[in-house]
file model26.txt (compact mmCIF, C-alpha atoms (C1' of nucleotides))
# COMPACT_ATOMS: atom_id res chain seq x y z
CA MET R 10 -0.72 85.78 -32.17
CA THR R 11 -3.12 83.30 -33.74
CA LEU R 12 -1.55 80.53 -35.77
CA ARG R 13 -3.53 78.04 -37.87
CA ILE R 14 -1.72 74.94 -39.14
CA ALA R 15 -3.32 72.53 -41.62
CA THR R 16 -2.31 69.02 -42.71
CA TRP R 17 -3.55 67.07 -45.71
CA ASN R 18 -2.44 63.94 -47.55
CA ILE R 19 -3.23 65.20 -51.04
CA ASN R 20 -2.35 62.11 -53.16
CA SER R 21 -0.67 64.12 -55.95
CA VAL R 22 -0.53 67.88 -55.53
CA ARG R 23 -0.46 68.49 -59.29
CA PHE R 24 -3.53 66.36 -60.03
CA ARG R 25 -5.48 68.04 -57.20
CA LEU R 26 -4.18 71.60 -57.45
CA ASP R 27 -7.74 72.94 -57.92
CA ILE R 28 -9.03 71.50 -54.66
CA VAL R 29 -5.91 72.63 -52.81
CA GLU R 30 -6.68 76.14 -54.05
CA ARG R 31 -10.31 75.76 -52.96
CA PHE R 32 -9.16 74.69 -49.50
CA LEU R 33 -6.76 77.62 -49.16
CA ARG R 34 -9.34 80.16 -50.39
CA ASP R 35 -12.10 78.76 -48.13
CA HIS R 36 -10.07 78.09 -44.97
CA ALA R 37 -6.93 80.25 -45.27
CA PRO R 38 -4.61 78.48 -42.84
CA ASP R 39 -1.28 80.20 -42.12
CA ILE R 40 0.60 76.98 -42.90
CA LEU R 41 -0.36 73.96 -45.00
CA CYS R 42 1.56 70.70 -44.66
CA LEU R 43 0.99 68.33 -47.59
CA GLN R 44 1.90 64.66 -47.85
CA GLU R 45 2.07 62.39 -50.90
CA THR R 46 2.84 65.28 -53.23
CA LYS R 47 4.18 62.80 -55.82
CA VAL R 48 6.35 65.39 -57.58
CA ILE R 49 10.05 66.17 -57.80
CA ASP R 50 10.96 69.60 -56.40
CA GLY R 51 11.75 70.96 -59.87
CA ASP R 52 8.18 70.32 -61.06
CA PHE R 53 6.35 71.62 -57.95
CA PRO R 54 3.40 73.88 -58.91
CA HIS R 55 4.62 77.03 -57.15
CA ALA R 56 2.46 79.64 -58.95
CA MET R 57 -0.91 79.02 -57.25
CA PHE R 58 0.66 79.08 -53.77
CA GLU R 59 2.58 82.26 -54.56
CA GLU R 60 -0.60 83.96 -55.80
CA LEU R 61 -2.46 83.10 -52.60
CA GLY R 62 0.32 84.46 -50.41
CA TYR R 63 2.05 81.20 -49.48
CA ARG R 64 5.42 82.69 -50.35
CA HIS R 65 7.48 80.45 -48.07
CA ARG R 66 7.74 76.88 -49.30
CA LEU R 67 9.86 73.97 -48.14
CA LEU R 68 9.83 70.91 -50.39
CA ASN R 69 11.05 67.36 -50.04
CA GLY R 70 9.79 65.54 -53.09
CA GLN R 71 10.80 62.51 -55.12
CA ARG R 72 9.80 60.88 -58.36
CA MET R 73 6.42 59.10 -58.47
CA HIS R 74 5.80 58.36 -54.82
CA HIS R 75 5.68 59.94 -51.37
CA GLY R 76 6.96 63.51 -50.99
CA VAL R 77 6.02 66.30 -48.54
CA ALA R 78 5.72 70.08 -48.80
CA THR R 79 5.17 72.85 -46.24
CA LEU R 80 3.56 76.02 -47.64
CA SER R 81 3.43 79.10 -45.43
CA ARG R 82 2.42 82.74 -45.25
CA ILE R 83 4.92 83.06 -42.37
CA PRO R 84 8.68 82.94 -43.02
CA LEU R 85 10.22 79.51 -42.52
CA THR R 86 13.84 79.64 -41.52
CA GLU R 87 14.90 76.03 -41.32
CA ASP R 88 14.90 73.04 -43.59
CA ARG R 89 15.62 69.61 -42.10
CA ARG R 90 14.88 66.33 -43.82
CA HIS R 91 14.99 63.31 -41.55
CA ASP R 92 15.15 59.95 -43.29
CA TRP R 93 13.66 57.92 -40.46
CA GLN R 94 13.40 54.87 -42.66
CA ASP R 95 17.05 55.19 -43.78
CA ASN R 96 16.21 54.26 -47.38
CA GLY R 97 16.22 57.62 -49.18
CA GLU R 98 12.44 58.11 -49.39
CA ALA R 99 11.10 61.68 -49.04
CA ARG R 100 8.88 61.57 -45.96
CA HIS R 101 9.75 64.56 -43.76
CA ILE R 102 10.38 68.28 -43.91
CA GLY R 103 11.05 70.38 -40.81
CA ALA R 104 10.49 74.13 -40.48
CA ARG R 105 11.18 76.78 -37.84
CA LEU R 106 8.92 79.82 -37.46
CA PRO R 107 10.19 83.29 -36.48
CA ASN R 108 8.83 82.72 -32.93
CA GLY R 109 10.97 79.57 -32.64
CA LEU R 110 8.16 77.03 -32.99
CA LEU R 111 9.12 73.92 -34.98
CA VAL R 112 6.60 72.55 -37.51
CA GLU R 113 7.43 68.99 -38.52
CA ASN R 114 5.62 67.54 -41.54
CA VAL R 115 5.80 63.74 -41.78
CA TYR R 116 4.50 60.93 -43.96
CA VAL R 117 4.89 57.62 -42.13
CA PRO R 118 5.19 54.58 -44.47
CA ALA R 119 1.95 52.69 -45.05
CA GLY R 120 3.66 49.39 -44.28
CA GLY R 121 2.39 47.06 -47.02
CA ASP R 122 -0.29 44.42 -46.70
CA VAL R 123 0.89 41.75 -44.26
CA PRO R 124 1.54 42.77 -40.64
CA ASP R 125 4.61 40.53 -40.31
CA ALA R 126 8.12 41.94 -40.84
CA ASP R 127 9.48 38.48 -41.72
CA VAL R 128 7.32 38.11 -44.82
CA ASN R 129 6.73 41.82 -45.56
CA PRO R 130 9.83 44.06 -45.31
CA LYS R 131 7.69 47.19 -45.65
CA PHE R 132 6.06 46.44 -42.31
CA GLY R 133 9.48 46.22 -40.65
CA GLN R 134 10.51 49.50 -42.29
CA LYS R 135 7.39 51.18 -40.95
CA LEU R 136 8.22 50.01 -37.42
CA ALA R 137 11.85 51.13 -37.85
CA PHE R 138 10.63 54.56 -39.00
CA LEU R 139 8.47 54.92 -35.89
CA GLU R 140 11.36 53.71 -33.69
CA ARG R 141 13.74 56.34 -35.13
CA MET R 142 11.06 59.03 -34.68
CA THR R 143 10.82 57.90 -31.07
CA ARG R 144 14.58 58.35 -30.50
CA TRP R 145 14.35 61.82 -32.14
CA SER R 146 11.36 62.72 -29.93
CA GLU R 147 13.23 61.74 -26.77
CA ALA R 148 16.00 64.22 -27.54
CA LEU R 149 13.63 67.01 -28.60
CA ARG R 150 13.59 69.95 -26.16
CA GLU R 151 11.90 72.60 -28.29
CA ASP R 152 8.26 73.60 -28.66
CA THR R 153 7.05 71.60 -31.63
CA VAL R 154 3.97 70.75 -33.64
CA ILE R 155 4.22 67.53 -35.63
CA VAL R 156 1.57 66.81 -38.22
CA GLY R 157 0.93 64.45 -41.06
CA ASP R 158 -0.18 61.06 -42.25
CA PHE R 159 1.00 58.72 -39.51
CA ASN R 160 -0.69 55.72 -41.16
CA VAL R 161 -1.75 54.38 -37.76
CA ALA R 162 -5.26 54.60 -36.30
CA PRO R 163 -4.53 53.98 -32.61
CA LEU R 164 -7.90 53.95 -30.83
CA GLU R 165 -10.87 51.63 -31.24
CA CYS R 166 -12.97 54.67 -32.15
CA ASP R 167 -10.39 55.68 -34.78
CA VAL R 168 -11.60 52.88 -37.09
CA TRP R 169 -15.01 51.80 -38.35
CA SER R 170 -14.59 48.33 -36.81
CA HIS R 171 -11.92 47.57 -34.23
CA LYS R 172 -12.60 43.85 -34.52
CA ALA R 173 -12.44 43.77 -38.32
CA LEU R 174 -9.21 45.78 -38.49
CA LEU R 175 -7.14 44.17 -35.72
CA ASP R 176 -5.07 42.28 -38.32
CA VAL R 177 -5.15 45.05 -40.93
CA VAL R 178 -2.00 47.17 -41.27
CA SER R 179 -2.73 50.60 -39.68
CA HIS R 180 -4.59 49.21 -36.66
CA THR R 181 -2.55 46.19 -35.50
CA PRO R 182 -1.47 46.06 -31.83
CA ILE R 183 2.25 46.14 -32.75
CA GLU R 184 1.82 49.42 -34.65
CA ILE R 185 -0.39 50.91 -31.96
CA GLU R 186 2.23 50.03 -29.32
CA ALA R 187 4.98 51.59 -31.48
CA LEU R 188 2.90 54.77 -31.86
CA ALA R 189 2.28 54.84 -28.10
CA ARG R 190 6.05 54.71 -27.44
CA LEU R 191 6.51 57.57 -29.89
CA GLN R 192 3.82 59.61 -28.19
CA ALA R 193 5.29 58.98 -24.74
CA ALA R 194 8.81 59.97 -25.85
CA HIS R 195 7.92 63.69 -25.92
CA ASP R 196 4.60 63.60 -24.05
CA TRP R 197 3.05 64.56 -27.37
CA VAL R 198 -0.57 65.72 -27.04
CA ASP R 199 -2.91 64.23 -29.66
CA LEU R 200 -4.86 67.38 -30.47
CA GLY R 201 -7.44 65.55 -32.56
CA ARG R 202 -8.50 63.54 -29.55
CA HIS R 203 -8.10 66.53 -27.23
CA PHE R 204 -10.90 68.24 -29.17
CA VAL R 205 -12.86 65.09 -30.16
CA PRO R 206 -12.54 62.83 -27.12
CA PRO R 207 -13.23 59.08 -27.23
CA PRO R 208 -15.51 57.26 -27.76
CA THR R 209 -16.71 59.59 -30.54
CA PRO R 210 -15.84 58.01 -33.92
CA PHE R 211 -13.34 60.19 -35.77
CA TYR R 212 -11.89 59.37 -39.21
CA THR R 213 -9.67 61.27 -41.66
CA TRP R 214 -9.41 58.67 -44.46
CA TRP R 215 -11.98 56.69 -46.43
CA SER R 216 -11.05 54.17 -49.13
CA TYR R 217 -11.62 54.97 -52.78
CA ARG R 218 -13.06 51.46 -53.18
CA ALA R 219 -16.27 52.07 -51.29
CA ALA R 220 -19.24 52.64 -53.56
CA ASP R 221 -20.45 55.40 -51.22
CA TRP R 222 -17.84 56.42 -48.64
CA LYS R 223 -20.32 58.48 -46.63
CA ALA R 224 -23.01 55.81 -46.50
CA SER R 225 -20.69 52.95 -45.52
CA ASP R 226 -18.48 55.28 -43.42
CA ARG R 227 -15.69 52.71 -43.14
CA GLY R 228 -13.03 55.23 -42.27
CA ARG R 229 -9.85 55.38 -40.25
CA ARG R 230 -8.10 58.23 -38.38
CA LEU R 231 -4.68 57.99 -40.03
CA ASP R 232 -3.78 61.69 -40.01
CA HIS R 233 -2.72 63.44 -36.84
CA VAL R 234 -1.76 66.74 -35.25
CA TRP R 235 0.45 66.39 -32.18
CA ALA R 236 1.96 69.18 -30.08
CA SER R 237 4.47 69.56 -27.27
CA PRO R 238 2.59 69.89 -23.95
CA ALA R 239 3.21 73.65 -23.61
CA VAL R 240 2.09 74.29 -27.19
CA ALA R 241 -0.97 72.08 -26.78
CA GLN R 242 -2.13 74.33 -23.93
CA THR R 243 -2.41 77.18 -26.45
CA ALA R 244 -4.63 75.21 -28.86
CA THR R 245 -8.06 76.82 -29.18
CA ARG R 246 -9.77 75.09 -32.10
CA PHE R 247 -9.61 71.97 -34.26
CA GLU R 248 -11.35 71.61 -37.63
CA VAL R 249 -11.85 68.49 -39.77
CA ILE R 250 -12.89 69.43 -43.30
CA ARG R 251 -14.97 66.32 -44.04
CA ASP R 252 -16.63 68.00 -47.00
CA ALA R 253 -13.33 67.79 -48.88
CA ARG R 254 -13.84 64.04 -49.34
CA ASP R 255 -16.63 64.95 -51.80
CA TRP R 256 -14.83 67.70 -53.71
CA GLY R 257 -14.27 66.90 -57.38
CA LYS R 258 -11.52 64.30 -57.85
CA PRO R 259 -10.99 64.10 -54.08
CA SER R 260 -8.05 62.82 -52.09
CA ASP R 261 -8.92 59.78 -49.97
CA HIS R 262 -7.76 61.84 -46.95
CA VAL R 263 -9.39 65.04 -45.62
CA PRO R 264 -7.62 68.12 -44.25
CA GLN R 265 -7.46 69.12 -40.60
CA ILE R 266 -6.68 72.54 -39.13
CA ALA R 267 -5.43 73.28 -35.61
CA THR R 268 -5.55 76.81 -34.23
CA PHE R 269 -3.12 78.07 -31.58
CA ASN R 270 -3.20 81.32 -29.59
CA LEU R 271 0.51 81.80 -28.95
C1' DA U 23 -15.50 42.68 -45.04
C1' DT U 24 -11.63 43.26 -47.97
C1' DG U 25 -10.65 45.40 -52.21
C1' DG U 26 -14.57 46.30 -55.97
C1' DC U 27 -10.25 52.42 -56.72
C1' DT U 28 -6.66 55.84 -57.79
C1' DG U 29 -2.33 58.44 -59.75
C1' DG U 30 2.21 58.20 -61.91
C1' DT U 31 4.74 56.25 -65.25
C1' DA U 32 5.49 53.61 -69.06
C1' DG U 33 3.41 52.15 -72.73
C1' DA U 34 2.28 46.63 -67.74
C1' DA U 35 -0.52 40.57 -67.04
C1' DC U 36 2.99 47.55 -62.98
C1' DC U 37 3.78 49.85 -58.41
C1' DA U 38 2.17 51.82 -54.29
C1' DG U 39 -1.29 53.27 -51.42
C1' DA U 40 -3.81 51.27 -46.67
call {"tool": "encode", "arguments": {"input": "model26.txt", "output": "structure tokens"}}
result
Amino acid sequence: MTLRIATWNINSVRFRLDIVERFLRDHAPDILCLQETKVIDGDFPHAMFEELGYRHRLLNGQRMHHGVATLSRIPLTEDRRHDWQDNGEARHIGARLPNGLLVENVYVPAGGDVPDADVNPKFGQKLAFLERMTRWSEALREDTVIVGDFNVAPLECDVWSHKALLDVVSHTPIEIEALARLQAAHDWVDLGRHFVPPPTPFYTWWSYRAADWKASDRGRRLDHVWASPAVAQTATRFEVIRDARDWGKPSDHVPQIATFNL
DNA sequence: ATGGCTGGTAGAACCAGA
């Protein structure tokens, strides 16, 4: 069976419902994992997803900020919500497919401005979140795909300037080391870099503040698709929908789609 | 070479994103 899983930080699913529909009509993944839905579950825009066949929906939303949703054409039989920051924010939803595969949708905290937990509590919370994910990964024995906005760009070629961003939250050594411990805890395979090996530049986010995001190309690879080693061996294709950064009223992140032949 | 932008919410000289 072929399985295509997409991930996209949408920055408000209601405000961008038209481009989500465009993405689903053009690319038709089996499963779409959204982050930053910015909507409580009671106000989620179900109708468009239902009409396009995404009849199975797991939501973990909250008022104003954050929030994740997993929309699927395949039945989803489990609903787990880890609070890896231990502060009540909605940043994870876990699903199980009929074949047993786990699909974990996660939105790692951005971490604020200053990369010092003593002066910026958000940075400490981000590191704590990654540490708790690491403990969870160590205990994980099942075939799993984990996707989402990890808010860390680990490699030098994951940012437009390694030198300029060394002290910028998302690319600091302390975050990169925390992400490396997480990756090692389950031998997670970074499918993005499996299909686009270093040193090829590879970004999934470009700031809204650039006058011309494409011309300046000051991006970062903040969004990731990781798989258990056995699952990663079944991956056949990886798509980055860069065009979506230019769709009307775009998100600052672009979608990615991984294809598996299970 | 960061922040010049953005959405949600209230009705902000805001908050959060990253």
call {"tool": "closest_atom_pairs", "arguments": {"input": "model26.txt", "of": "chain U", "to": "chain R", "cutoff": "9 Å", "atoms": "all atoms listed in the file", "output": "CSV"}}
result
residue,atom,partner,partner_atom,distance
U:DA23,C1',R:Ala173,CA,7.5
U:DG25,C1',R:Arg218,CA,6.6
U:DG26,C1',R:Arg218,CA,6.1
U:DC27,C1',R:Arg218,CA,4.6
U:DT28,C1',R:Tyr217,CA,7.1
U:DG29,C1',R:Ser21,CA,7.0
U:DG30,C1',R:Met73,CA,5.5
U:DT31,C1',R:Met73,CA,7.5
U:DA38,C1',R:His74,CA,7.5
U:DG39,C1',R:Ala119,CA,7.2
U:DA40,C1',R:Ala119,CA,6.1
call {"tool": "atom_distance", "arguments": {"input": "model26.txt", "atom1": "atom CA of R:Met57", "atom2": "atom CA of R:Asp27"}}
result
9.2 Å
call {"tool": "residues_around", "arguments": {"input": "model26.txt", "residues": "R:Arg89", "least_positions_apart": "4", "cutoff": "9 Å", "atoms": "only C-alpha atoms (C1' of nucleotides)", "output": "PyMOL selection string"}}
result
chain R and resi 101-104+113
call {"tool": "closest_residue", "arguments": {"input": "model26.txt", "among": "R:Ala56, R:Trp222, R:His36, R:Asp152", "to": "R:Pro259", "atoms": "only C-alpha atoms"}}
result
R:Trp222
call {"tool": "residues_near_point", "arguments": {"input": "model26.txt", "point": "(12.0, 67.2, -56.7)", "cutoff": "7 Å", "atoms": "all atoms listed in the file", "output": "ChimeraX atom specification"}}
result
/R:48-52,69-72
call {"tool": "write_last_selection", "arguments": {"input": "model26.txt", "atoms": "C-alpha atoms", "output": "compact mmCIF listing (two decimals), keeping the file's coordinate frame"}}
result
# COMPACT_ATOMS: atom_id res chain seq x y z
CA VAL R 48 6.35 65.39 -57.58
CA ILE R 49 10.05 66.17 -57.80
CA ASP R 50 10.96 69.60 -56.40
CA GLY R 51 11.75 70.96 -59.87
CA ASP R 52 8.18 70.32 -61.06
CA ASN R 69 11.05 67.36 -50.04
CA GLY R 70 9.79 65.54 -53.09
CA GLN R 71 10.80 62.51 -55.12
CA ARG R 72 9.80 60.88 -58.36
call {"tool": "atom_distance", "arguments": {"input": "model26.txt", "atom1": "atom CA of R:Thr153", "atom2": "atom CA of R:Ser237"}}
result
5.5 Å
call {"tool": "atom_distance", "arguments": {"input": "model26.txt", "atom1": "atom CA of R:Arg66", "atom2": "atom CA of R:Leu110"}}
result
16.3 Å
call {"tool": "residues_around", "arguments": {"input": "model26.txt", "residues": "R:Leu106", "least_positions_apart": "6", "cutoff": "12 Å", "atoms": "all atoms listed in the file", "output": "PyMOL selection string"}}
result
chain R and resi 12+14+39-40+65+79+81-88+112-113+152-154
call {"tool": "closest_residue", "arguments": {"input": "model26.txt", "among": "R:Thr46, R:Thr181, R:Asn108, R:Thr143", "to": "R:Met10", "atoms": "all atoms listed in the file"}}
result
R:Asn108
call {"tool": "residues_near_point", "arguments": {"input": "model26.txt", "point": "(1.2, 71.9, -37.0)", "cutoff": "9 Å", "atoms": "all atoms listed in the file", "output": "tab-separated table (two decimals) with C-alpha atoms, keeping the file's coordinate frame"}}
result
chain	number	residue	atom	x	y	z
R	13	ARG	CA	-3.53	78.04	-37.87
R	14	ILE	CA	-1.72	74.94	-39.14
R	15	ALA	CA	-3.32	72.53	-41.62
R	16	THR	CA	-2.31	69.02	-42.71
R	40	ILE	CA	0.60	76.98	-42.90
R	41	LEU	CA	-0.36	73.96	-45.00
R	42	CYS	CA	1.56	70.70	-44.66
R	111	LEU	CA	9.12	73.92	-34.98
R	112	VAL	CA	6.60	72.55	-37.51
R	113	GLU	CA	7.43	68.99	-38.52
R	114	ASN	CA	5.62	67.54	-41.54
R	153	THR	CA	7.05	71.60	-31.63
R	154	VAL	CA	3.97	70.75	-33.64
R	155	ILE	CA	4.22	67.53	-35.63
R	156	VAL	CA	1.57	66.81	-38.22
R	157	GLY	CA	0.93	64.45	-41.06
R	234	VAL	CA	-1.76	66.74	-35.25
R	235	TRP	CA	0.45	66.39	-32.18
R	236	ALA	CA	1.96	69.18	-30.08
R	266	ILE	CA	-6.68	72.54	-39.13
R	267	ALA	CA	-5.43	73.28	-35.61
R	268	THR	CA	-5.55	76.81	-34.23
call {"tool": "build_atoms", "arguments": {"input": "model26.txt", "residues": "stretch 46-61 of chain R", "atoms": "N, CA and C atoms", "output": "mmCIF file, in the frame of the given file"}}
result
data_model
loop_
_atom_site.group_PDB
_atom_site.id
_atom_site.type_symbol
_atom_site.label_atom_id
_atom_site.label_comp_id
_atom_site.auth_asym_id
_atom_site.auth_seq_id
_atom_site.Cartn_x
_atom_site.Cartn_y
_atom_site.Cartn_z
ATOM 1 N N THR R 46 2.877 64.296 -52.151
ATOM 2 C CA THR R 46 2.840 65.280 -53.230
ATOM 3 C C THR R 46 3.144 64.654 -54.582
ATOM 4 N N LYS R 47 3.891 63.558 -54.595
ATOM 5 C CA LYS R 47 4.180 62.800 -55.820
ATOM 6 C C LYS R 47 4.790 63.656 -56.931
ATOM 7 N N VAL R 48 5.723 64.527 -56.554
ATOM 8 C CA VAL R 48 6.350 65.390 -57.580
ATOM 9 C C VAL R 48 7.774 65.723 -57.131
ATOM 10 N N ILE R 49 8.690 65.720 -58.098
ATOM 11 C CA ILE R 49 10.050 66.170 -57.800
ATOM 12 C C ILE R 49 10.021 67.681 -57.567
ATOM 13 N N ASP R 50 10.974 68.183 -56.798
ATOM 14 C CA ASP R 50 10.960 69.600 -56.400
ATOM 15 C C ASP R 50 10.962 70.514 -57.627
ATOM 16 N N GLY R 51 11.660 70.122 -58.675
ATOM 17 C CA GLY R 51 11.750 70.960 -59.870
ATOM 18 C C GLY R 51 10.434 71.136 -60.606
ATOM 19 N N ASP R 52 9.488 70.241 -60.394
ATOM 20 C CA ASP R 52 8.180 70.320 -61.060
ATOM 21 C C ASP R 52 7.063 70.761 -60.127
ATOM 22 N N PHE R 53 7.397 71.216 -58.910
ATOM 23 C CA PHE R 53 6.350 71.620 -57.950
ATOM 24 C C PHE R 53 5.557 72.804 -58.499
ATOM 25 N N PRO R 54 4.233 72.791 -58.366
ATOM 26 C CA PRO R 54 3.400 73.880 -58.910
ATOM 27 C C PRO R 54 3.390 75.099 -57.984
ATOM 28 N N HIS R 55 4.445 75.894 -58.067
ATOM 29 C CA HIS R 55 4.620 77.030 -57.150
ATOM 30 C C HIS R 55 3.586 78.145 -57.356
ATOM 31 N N ALA R 56 3.150 78.392 -58.617
ATOM 32 C CA ALA R 56 2.460 79.640 -58.950
ATOM 33 C C ALA R 56 1.197 79.865 -58.110
ATOM 34 N N MET R 57 0.343 78.842 -57.986
ATOM 35 C CA MET R 57 -0.910 79.020 -57.250
ATOM 36 C C MET R 57 -0.635 79.423 -55.796
ATOM 37 N N PHE R 58 0.348 78.769 -55.170
ATOM 38 C CA PHE R 58 0.660 79.080 -53.770
ATOM 39 C C PHE R 58 1.184 80.513 -53.644
ATOM 40 N N GLU R 59 2.037 80.889 -54.567
ATOM 41 C CA GLU R 59 2.580 82.260 -54.560
ATOM 42 C C GLU R 59 1.455 83.279 -54.670
ATOM 43 N N GLU R 60 0.504 83.015 -55.587
ATOM 44 C CA GLU R 60 -0.600 83.960 -55.800
ATOM 45 C C GLU R 60 -1.471 84.115 -54.563
ATOM 46 N N LEU R 61 -1.611 83.042 -53.799
ATOM 47 C CA LEU R 61 -2.460 83.100 -52.600
ATOM 48 C C LEU R 61 -1.675 83.528 -51.359
#
